[in-house]
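A.B. asks: I'm passing along run_32.csv; it holds CSV, C-alpha atoms.
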```csv
chain,number,residue,atom,x,y,z
A,1,GLY,CA,93.9,151.2,61.2
A,2,HIS,CA,90.9,150.0,59.2
A,3,PHE,CA,92.9,147.3,57.5
A,4,LEU,CA,94.3,146.1,60.8
A,5,TYR,CA,90.9,146.1,62.4
A,6,ASP,CA,89.4,144.0,59.5
A,7,PHE,CA,92.3,141.6,59.8
A,8,PHE,CA,91.8,141.0,63.5
A,9,VAL,CA,88.0,140.8,63.3
A,10,GLY,CA,88.5,138.2,60.5
A,11,LEU,CA,90.4,136.1,63.0
A,12,LEU,CA,87.2,136.0,65.2
A,13,GLU,CA,84.7,135.7,62.4
A,14,ASN,CA,83.3,132.2,62.9
A,15,ASP,CA,84.6,131.5,66.4
A,16,LEU,CA,81.2,131.8,68.1
A,17,LEU,CA,79.9,129.0,65.8
A,18,PHE,CA,83.0,127.0,66.6
A,19,LEU,CA,82.4,127.4,70.4
A,20,GLN,CA,78.7,126.4,69.9
A,21,GLU,CA,79.9,123.2,68.1
A,22,LEU,CA,82.2,122.5,71.1
A,23,GLU,CA,79.3,123.0,73.4
A,24,ARG,CA,77.2,120.5,71.4
A,25,GLU,CA,80.0,118.0,71.6
A,26,ILE,CA,80.2,118.3,75.4
A,27,ALA,CA,76.4,118.0,75.6
A,28,LYS,CA,76.6,114.8,73.5
A,29,ILE,CA,79.2,113.3,75.9
A,30,GLU,CA,77.0,114.3,78.8
A,31,GLU,CA,74.1,112.4,77.3
A,32,GLN,CA,76.3,109.4,76.8
A,33,VAL,CA,77.4,109.5,80.4
A,34,LEU,CA,73.8,109.7,81.7
A,35,ARG,CA,72.9,106.7,79.5
A,36,GLY,CA,75.9,104.8,80.9
A,37,CYS,CA,77.7,104.3,77.7
A,38,CYS,CA,80.6,106.6,77.1
A,39,PRO,CA,83.6,104.8,75.8
A,40,ASN,CA,87.0,106.6,76.1
A,41,PHE,CA,85.4,109.3,78.3
A,42,ASN,CA,88.7,110.5,79.8
A,43,ILE,CA,90.4,110.8,76.4
A,44,LYS,CA,87.5,112.7,74.9
A,45,VAL,CA,87.1,115.1,77.8
A,46,LEU,CA,90.9,115.7,78.1
A,47,GLY,CA,91.1,116.5,74.4
A,48,LEU,CA,88.2,119.0,74.8
A,49,LYS,CA,89.7,120.6,77.8
A,50,LYS,CA,93.0,121.1,76.0
A,51,LYS,CA,91.3,122.6,73.0
A,52,ILE,CA,89.2,124.9,75.2
A,53,SER,CA,92.4,126.0,77.1
A,54,LYS,CA,94.2,126.8,73.8
A,55,PHE,CA,91.3,128.9,72.6
A,56,TYR,CA,91.1,130.7,76.0
A,57,ARG,CA,94.8,131.7,75.7
A,58,TYR,CA,94.2,132.7,72.1
A,59,TYR,CA,91.4,135.0,72.9
A,60,MET,CA,93.2,136.5,75.9
A,61,GLN,CA,96.2,137.2,73.6
A,62,LEU,CA,93.9,138.9,71.1
A,63,SER,CA,92.4,140.9,73.9
A,64,ASP,CA,95.8,142.0,75.0
A,65,ILE,CA,96.6,143.0,71.4
A,66,GLY,CA,93.3,144.9,71.2
A,67,GLN,CA,94.2,146.7,74.5
A,68,ALA,CA,97.6,147.6,73.3
A,69,LEU,CA,96.2,149.1,70.1
A,70,CYS,CA,93.5,151.0,72.2
A,71,ASP,CA,96.3,152.4,74.3
A,72,ASN,CA,97.8,153.9,71.1
A,73,GLU,CA,101.0,154.8,72.8
A,74,ILE,CA,102.8,155.9,69.7
A,75,GLY,CA,99.7,157.8,68.3
A,76,PHE,CA,99.5,155.5,65.3
A,77,LEU,CA,95.6,155.3,65.2
A,78,GLU,CA,92.9,157.9,65.0
A,79,LYS,CA,89.9,158.0,67.4
A,80,GLU,CA,87.5,156.0,65.1
A,81,SER,CA,90.0,153.2,64.9
A,82,LEU,CA,90.5,153.3,68.7
A,83,ARG,CA,86.7,152.7,69.1
A,84,ARG,CA,86.9,149.8,66.7
A,85,PHE,CA,89.7,148.2,68.5
A,86,ASP,CA,87.9,148.7,71.8
A,87,ARG,CA,85.0,146.7,70.3
A,88,PHE,CA,87.4,144.1,69.1
A,89,ARG,CA,89.0,143.8,72.5
A,90,ASP,CA,85.5,143.4,74.1
A,91,ARG,CA,84.6,140.7,71.6
A,92,ALA,CA,87.8,138.8,72.3
A,93,LEU,CA,87.0,139.0,76.0
A,94,ARG,CA,83.5,137.8,75.5
A,95,LEU,CA,84.8,134.8,73.5
A,96,ALA,CA,87.3,134.1,76.3
A,97,GLY,CA,84.4,134.2,78.8
A,98,GLU,CA,82.5,131.7,76.6
A,99,THR,CA,85.5,129.4,76.7
A,100,GLN,CA,85.6,129.6,80.5
A,101,VAL,CA,81.9,128.6,80.5
A,102,LEU,CA,82.7,125.7,78.3
A,103,ARG,CA,85.5,124.7,80.6
A,104,ASP,CA,83.2,124.8,83.6
A,105,TYR,CA,80.6,122.7,81.7
A,106,THR,CA,83.3,120.1,80.9
A,107,VAL,CA,84.2,120.0,84.6
A,108,GLN,CA,80.5,119.5,85.4
A,109,VAL,CA,80.3,116.6,83.0
A,110,GLN,CA,83.4,115.0,84.6
A,111,GLU,CA,81.7,115.3,88.0
A,112,VAL,CA,78.6,113.7,86.6
A,113,TYR,CA,80.7,110.8,85.2
A,114,GLN,CA,82.5,110.4,88.6
A,115,SER,CA,79.2,110.3,90.5
A,116,GLU,CA,77.8,107.7,88.0
A,117,ILE,CA,80.9,105.6,88.7
A,118,GLY,CA,80.3,106.0,92.4
A,119,ILE,CA,76.7,105.0,92.1
A,120,ARG,CA,77.6,101.8,90.2
A,121,GLN,CA,80.3,101.0,92.8
A,122,ASN,CA,77.8,101.5,95.6
A,123,ASP,CA,75.4,99.1,94.0
A,124,VAL,CA,78.1,96.4,93.6
A,125,MET,CA,79.2,96.9,97.2
A,126,LYS,CA,75.6,96.6,98.4
A,127,MET,CA,75.2,93.3,96.6
A,128,LEU,CA,78.5,92.0,98.0
A,129,THR,CA,77.4,93.0,101.5
A,130,VAL,CA,74.1,91.1,101.0
A,131,VAL,CA,75.9,87.9,99.8
A,132,THR,CA,78.4,88.1,102.6
A,133,THR,CA,75.8,88.6,105.3
A,134,ILE,CA,73.8,85.6,104.0
A,135,PHE,CA,76.7,83.3,103.8
A,136,LEU,CA,78.5,84.3,107.0
A,137,PRO,CA,76.2,82.1,109.3
A,138,LEU,CA,76.5,79.3,106.8
A,139,THR,CA,80.2,79.5,106.9
A,140,LEU,CA,80.0,79.3,110.7
A,141,ILE,CA,77.9,76.2,110.6
A,142,ALA,CA,80.2,74.6,108.0
A,143,GLY,CA,83.2,75.4,110.3
A,144,TRP,CA,81.6,73.8,113.3
A,145,TYR,CA,80.5,70.6,111.5
A,146,GLY,CA,83.8,70.5,109.6
A,147,MET,CA,85.7,69.7,112.8
A,148,ASN,CA,86.3,66.1,113.5
A,149,PHE,CA,85.1,65.7,117.1
A,150,VAL,CA,83.7,62.4,118.3
A,151,TYR,CA,81.5,63.8,121.1
A,152,MET,CA,79.3,66.1,119.1
A,153,PRO,CA,75.7,65.1,120.0
A,154,GLU,CA,74.4,65.8,116.5
A,155,LEU,CA,76.7,63.2,115.0
A,156,THR,CA,74.7,60.3,116.5
A,157,MET,CA,71.2,61.8,115.9
A,158,ARG,CA,69.4,60.3,113.0
A,159,TYR,CA,67.9,63.6,111.6
A,160,ALA,CA,70.8,65.9,112.5
A,161,TYR,CA,72.1,66.2,109.0
A,162,PRO,CA,68.7,67.1,107.5
A,163,ALA,CA,68.1,69.5,110.4
A,164,VAL,CA,71.4,71.4,109.6
A,165,ILE,CA,70.4,71.6,106.0
A,166,GLY,CA,67.0,73.0,107.0
A,167,ILE,CA,68.5,75.5,109.4
A,168,SER,CA,70.9,76.6,106.7
A,169,ALA,CA,68.1,77.0,104.1
A,170,LEU,CA,66.0,78.9,106.8
A,171,ILE,CA,69.0,81.3,107.4
A,172,VAL,CA,69.2,82.0,103.7
A,173,VAL,CA,65.5,82.6,103.2
A,174,LEU,CA,65.3,84.8,106.3
A,175,GLY,CA,68.3,86.8,105.2
A,176,LEU,CA,66.8,87.3,101.8
A,177,LEU,CA,63.4,88.3,103.3
A,178,ILE,CA,65.0,90.8,105.6
A,179,PHE,CA,67.1,92.4,102.9
A,180,LYS,CA,64.0,92.5,100.6
A,181,LYS,CA,61.9,94.1,103.3
A,182,LYS,CA,64.6,96.8,104.0
A,183,ARG,CA,65.0,97.4,100.3
A,184,TYR,CA,68.7,96.6,100.2
A,185,TRP,CA,68.1,94.2,97.3
```
Can you give me the file's structure in the form of structure tokens?
C.D. replies:
Amino acid sequence: GHFLYDFFVGLLENDLLFLQELEREIAKIEEQVLRGCCPNFNIKVLGLKKKISKFYRYYMQLSDIGQALCDNEIGFLEKESLRRFDRFRDRALRLAGETQVLRDYTVQVQEVYQSEIGIRQNDVMKMLTVVTTIFLPLTLIAGWYGMNFVYMPELTMRYAYPAVIGISALIVVLGLLIFKKKRYW
């Protein structure tokens, strides 16, 4: 029983350090996301999630082995060995819990990444809205004066063309001022 216990405990010997290294890797990816420079984000996170999932299953299987040995159905182990395997099972369960925490942390980092993408898309849409709003009246003016009608009174007026240019410039300036005042831009 002692040899078997030492063997199984040896399987878990440095796993806590390994899980801490995984946590540091996730934290590094999170910092990159917050800085806005995380190349191959999905590939990195998917690889981490797969690795965490493998280790979760591994620890749960070791926990099941520990439970089976604690049950001692065939009476193979003495009481002292049963207590050892109970500690082993608890340790495997704690490590499985740590992997679940890491998985949740990875999901949080993915959500942060998605929200950063959403923020950038909102900024782009805001700018496109400003540009569209400013140029819509100008498009209307261009449409009216692009028609070839003979009886438009402005066609015979001497200062009609500079007046349309002035009105167009005024529309652009007013649009920019309004958007600046409302902090859209």
A.B. asks: What is the distance, in Å and to one decimal place, between CA of Thr139 (chain A) and CA of Gly166 (chain A)?
C.D. replies: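 CA of Gly166 (chain A) lies at a distance of 14.7 Å from CA of Thr139 (chain A).
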A.B. asks: Nearest residue to Asp64 (chain A) out of A:Val130, A:Leu46, A:Ala96, A:Ile178, using only C-alpha atoms?
C.D. replies: A:Ala96
A.B. asks: Could you list, as a VMD selection string, every residue within 12 Å of Lys54 (chain A), counting only C-alpha atoms and ignoring same-chain residues fewer than 4 positions away?
C.D. replies: chain A and resid 47 to 50 58 to 61 96 99 to 100 103
A.B. asks: In terms of the shortest atom-to-atom distance over only C-alpha atoms, which of A:Tyr184, A:Tyr105, A:Phe41, A:Tyr5 is closest to Met127 (chain A)?
C.D. replies: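 Under the stated criterion, the closest residue is A:Tyr184.
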A.B. asks: Please provide the set of residues having any atom within 12 Å of Cys38 (chain A), restricted to only C-alpha atoms, with same-chain residues fewer than 6 positions apart removed, written as a PyMOL selection string.
C.D. replies: chain A and resi 26+28-32+44-45+109-110+113+116-117
A.B. asks: Please complete region 84-95 of chain A so it has all heavy atoms, and hand it over as a PDB file, keeping the file's coordinate frame.
C.D. replies:
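out_38.pdb, written as the output of this step:
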```pdb
ATOM      1  N   ARG A  84      86.979 151.115  67.317  1.00  0.00           N
ATOM      2  CA  ARG A  84      86.900 149.800  66.700  1.00  0.00           C
ATOM      3  C   ARG A  84      87.668 148.750  67.466  1.00  0.00           C
ATOM      4  O   ARG A  84      87.206 147.639  67.718  1.00  0.00           O
ATOM      5  CB  ARG A  84      87.359 149.836  65.244  1.00  0.00           C
ATOM      6  CG  ARG A  84      86.439 150.521  64.302  1.00  0.00           C
ATOM      7  CD  ARG A  84      86.973 150.397  62.892  1.00  0.00           C
ATOM      8  NE  ARG A  84      86.203 151.210  61.994  1.00  0.00           N
ATOM      9  CZ  ARG A  84      86.718 152.018  61.091  1.00  0.00           C
ATOM     10  NH1 ARG A  84      88.024 152.114  60.954  1.00  0.00           N
ATOM     11  NH2 ARG A  84      85.941 152.719  60.300  1.00  0.00           N
ATOM     12  N   PHE A  85      88.901 149.110  67.812  1.00  0.00           N
ATOM     13  CA  PHE A  85      89.700 148.200  68.500  1.00  0.00           C
ATOM     14  C   PHE A  85      89.229 147.922  69.949  1.00  0.00           C
ATOM     15  O   PHE A  85      89.439 146.851  70.507  1.00  0.00           O
ATOM     16  CB  PHE A  85      91.207 148.598  68.543  1.00  0.00           C
ATOM     17  CG  PHE A  85      91.875 148.322  67.235  1.00  0.00           C
ATOM     18  CD1 PHE A  85      92.240 149.351  66.397  1.00  0.00           C
ATOM     19  CD2 PHE A  85      92.103 147.025  66.825  1.00  0.00           C
ATOM     20  CE1 PHE A  85      92.841 149.090  65.183  1.00  0.00           C
ATOM     21  CE2 PHE A  85      92.705 146.748  65.618  1.00  0.00           C
ATOM     22  CZ  PHE A  85      93.071 147.796  64.787  1.00  0.00           C
ATOM     23  N   ASP A  86      88.529 148.889  70.507  1.00  0.00           N
ATOM     24  CA  ASP A  86      87.900 148.700  71.800  1.00  0.00           C
ATOM     25  C   ASP A  86      86.788 147.630  71.672  1.00  0.00           C
ATOM     26  O   ASP A  86      86.652 146.745  72.523  1.00  0.00           O
ATOM     27  CB  ASP A  86      87.336 150.004  72.331  1.00  0.00           C
ATOM     28  CG  ASP A  86      86.920 149.901  73.777  1.00  0.00           C
ATOM     29  OD1 ASP A  86      87.660 149.266  74.566  1.00  0.00           O
ATOM     30  OD2 ASP A  86      85.850 150.437  74.120  1.00  0.00           O
ATOM     31  N   ARG A  87      85.995 147.708  70.590  1.00  0.00           N
ATOM     32  CA  ARG A  87      85.000 146.700  70.300  1.00  0.00           C
ATOM     33  C   ARG A  87      85.597 145.319  70.077  1.00  0.00           C
ATOM     34  O   ARG A  87      85.100 144.290  70.541  1.00  0.00           O
ATOM     35  CB  ARG A  87      84.087 147.097  69.145  1.00  0.00           C
ATOM     36  CG  ARG A  87      83.115 148.200  69.446  1.00  0.00           C
ATOM     37  CD  ARG A  87      82.066 148.371  68.351  1.00  0.00           C
ATOM     38  NE  ARG A  87      82.601 148.523  67.017  1.00  0.00           N
ATOM     39  CZ  ARG A  87      82.901 149.696  66.441  1.00  0.00           C
ATOM     40  NH1 ARG A  87      82.685 150.827  67.091  1.00  0.00           N
ATOM     41  NH2 ARG A  87      83.385 149.737  65.221  1.00  0.00           N
ATOM     42  N   PHE A  88      86.705 145.336  69.330  1.00  0.00           N
ATOM     43  CA  PHE A  88      87.400 144.100  69.100  1.00  0.00           C
ATOM     44  C   PHE A  88      87.888 143.442  70.377  1.00  0.00           C
ATOM     45  O   PHE A  88      87.730 142.249  70.594  1.00  0.00           O
ATOM     46  CB  PHE A  88      88.604 144.335  68.135  1.00  0.00           C
ATOM     47  CG  PHE A  88      89.564 143.187  68.066  1.00  0.00           C
ATOM     48  CD1 PHE A  88      89.244 142.038  67.359  1.00  0.00           C
ATOM     49  CD2 PHE A  88      90.771 143.223  68.739  1.00  0.00           C
ATOM     50  CE1 PHE A  88      90.121 140.965  67.301  1.00  0.00           C
ATOM     51  CE2 PHE A  88      91.647 142.160  68.700  1.00  0.00           C
ATOM     52  CZ  PHE A  88      91.315 141.036  67.975  1.00  0.00           C
ATOM     53  N   ARG A  89      88.466 144.264  71.255  1.00  0.00           N
ATOM     54  CA  ARG A  89      89.000 143.800  72.500  1.00  0.00           C
ATOM     55  C   ARG A  89      87.788 143.181  73.360  1.00  0.00           C
ATOM     56  O   ARG A  89      87.898 142.106  73.944  1.00  0.00           O
ATOM     57  CB  ARG A  89      89.649 144.861  73.320  1.00  0.00           C
ATOM     58  CG  ARG A  89      90.307 144.339  74.593  1.00  0.00           C
ATOM     59  CD  ARG A  89      90.605 145.418  75.573  1.00  0.00           C
ATOM     60  NE  ARG A  89      89.334 145.914  76.071  1.00  0.00           N
ATOM     61  CZ  ARG A  89      89.084 147.180  76.376  1.00  0.00           C
ATOM     62  NH1 ARG A  89      90.010 148.090  76.245  1.00  0.00           N
ATOM     63  NH2 ARG A  89      87.907 147.547  76.825  1.00  0.00           N
ATOM     64  N   ASP A  90      86.663 143.884  73.374  1.00  0.00           N
ATOM     65  CA  ASP A  90      85.500 143.400  74.100  1.00  0.00           C
ATOM     66  C   ASP A  90      85.001 142.069  73.536  1.00  0.00           C
ATOM     67  O   ASP A  90      84.620 141.165  74.283  1.00  0.00           O
ATOM     68  CB  ASP A  90      84.368 144.424  74.067  1.00  0.00           C
ATOM     69  CG  ASP A  90      84.659 145.635  74.932  1.00  0.00           C
ATOM     70  OD1 ASP A  90      85.578 145.552  75.780  1.00  0.00           O
ATOM     71  OD2 ASP A  90      83.967 146.659  74.756  1.00  0.00           O
ATOM     72  N   ARG A  91      85.009 141.961  72.218  1.00  0.00           N
ATOM     73  CA  ARG A  91      84.600 140.700  71.600  1.00  0.00           C
ATOM     74  C   ARG A  91      85.504 139.560  71.957  1.00  0.00           C
ATOM     75  O   ARG A  91      85.050 138.458  72.271  1.00  0.00           O
ATOM     76  CB  ARG A  91      84.513 140.887  70.075  1.00  0.00           C
ATOM     77  CG  ARG A  91      83.947 139.706  69.366  1.00  0.00           C
ATOM     78  CD  ARG A  91      83.743 139.995  67.911  1.00  0.00           C
ATOM     79  NE  ARG A  91      83.216 138.826  67.236  1.00  0.00           N
ATOM     80  CZ  ARG A  91      83.082 138.720  65.949  1.00  0.00           C
ATOM     81  NH1 ARG A  91      83.408 139.724  65.164  1.00  0.00           N
ATOM     82  NH2 ARG A  91      82.610 137.622  65.416  1.00  0.00           N
ATOM     83  N   ALA A  92      86.801 139.808  71.932  1.00  0.00           N
ATOM     84  CA  ALA A  92      87.800 138.800  72.300  1.00  0.00           C
ATOM     85  C   ALA A  92      87.574 138.375  73.774  1.00  0.00           C
ATOM     86  O   ALA A  92      87.654 137.191  74.116  1.00  0.00           O
ATOM     87  CB  ALA A  92      89.194 139.270  72.060  1.00  0.00           C
ATOM     88  N   LEU A  93      87.291 139.345  74.630  1.00  0.00           N
ATOM     89  CA  LEU A  93      87.000 139.000  76.000  1.00  0.00           C
ATOM     90  C   LEU A  93      85.773 138.215  76.220  1.00  0.00           C
ATOM     91  O   LEU A  93      85.717 137.306  77.050  1.00  0.00           O
ATOM     92  CB  LEU A  93      86.973 140.312  76.873  1.00  0.00           C
ATOM     93  CG  LEU A  93      88.308 140.974  77.185  1.00  0.00           C
ATOM     94  CD1 LEU A  93      88.090 142.321  77.863  1.00  0.00           C
ATOM     95  CD2 LEU A  93      89.173 140.073  78.053  1.00  0.00           C
ATOM     96  N   ARG A  94      84.724 138.536  75.448  1.00  0.00           N
ATOM     97  CA  ARG A  94      83.500 137.800  75.500  1.00  0.00           C
ATOM     98  C   ARG A  94      83.729 136.310  75.080  1.00  0.00           C
ATOM     99  O   ARG A  94      83.224 135.363  75.685  1.00  0.00           O
ATOM    100  CB  ARG A  94      82.383 138.390  74.680  1.00  0.00           C
ATOM    101  CG  ARG A  94      81.719 139.567  75.332  1.00  0.00           C
ATOM    102  CD  ARG A  94      80.435 139.965  74.622  1.00  0.00           C
ATOM    103  NE  ARG A  94      80.581 140.174  73.196  1.00  0.00           N
ATOM    104  CZ  ARG A  94      80.947 141.324  72.616  1.00  0.00           C
ATOM    105  NH1 ARG A  94      81.207 142.375  73.357  1.00  0.00           N
ATOM    106  NH2 ARG A  94      81.038 141.409  71.305  1.00  0.00           N
ATOM    107  N   LEU A  95      84.507 136.153  74.013  1.00  0.00           N
ATOM    108  CA  LEU A  95      84.800 134.800  73.500  1.00  0.00           C
ATOM    109  C   LEU A  95      85.653 134.043  74.582  1.00  0.00           C
ATOM    110  O   LEU A  95      85.461 132.848  74.797  1.00  0.00           O
ATOM    111  CB  LEU A  95      85.523 134.839  72.194  1.00  0.00           C
ATOM    112  CG  LEU A  95      84.639 135.247  71.013  1.00  0.00           C
ATOM    113  CD1 LEU A  95      85.483 135.496  69.768  1.00  0.00           C
ATOM    114  CD2 LEU A  95      83.581 134.203  70.738  1.00  0.00           C
TER     115      LEU A  95
END
```
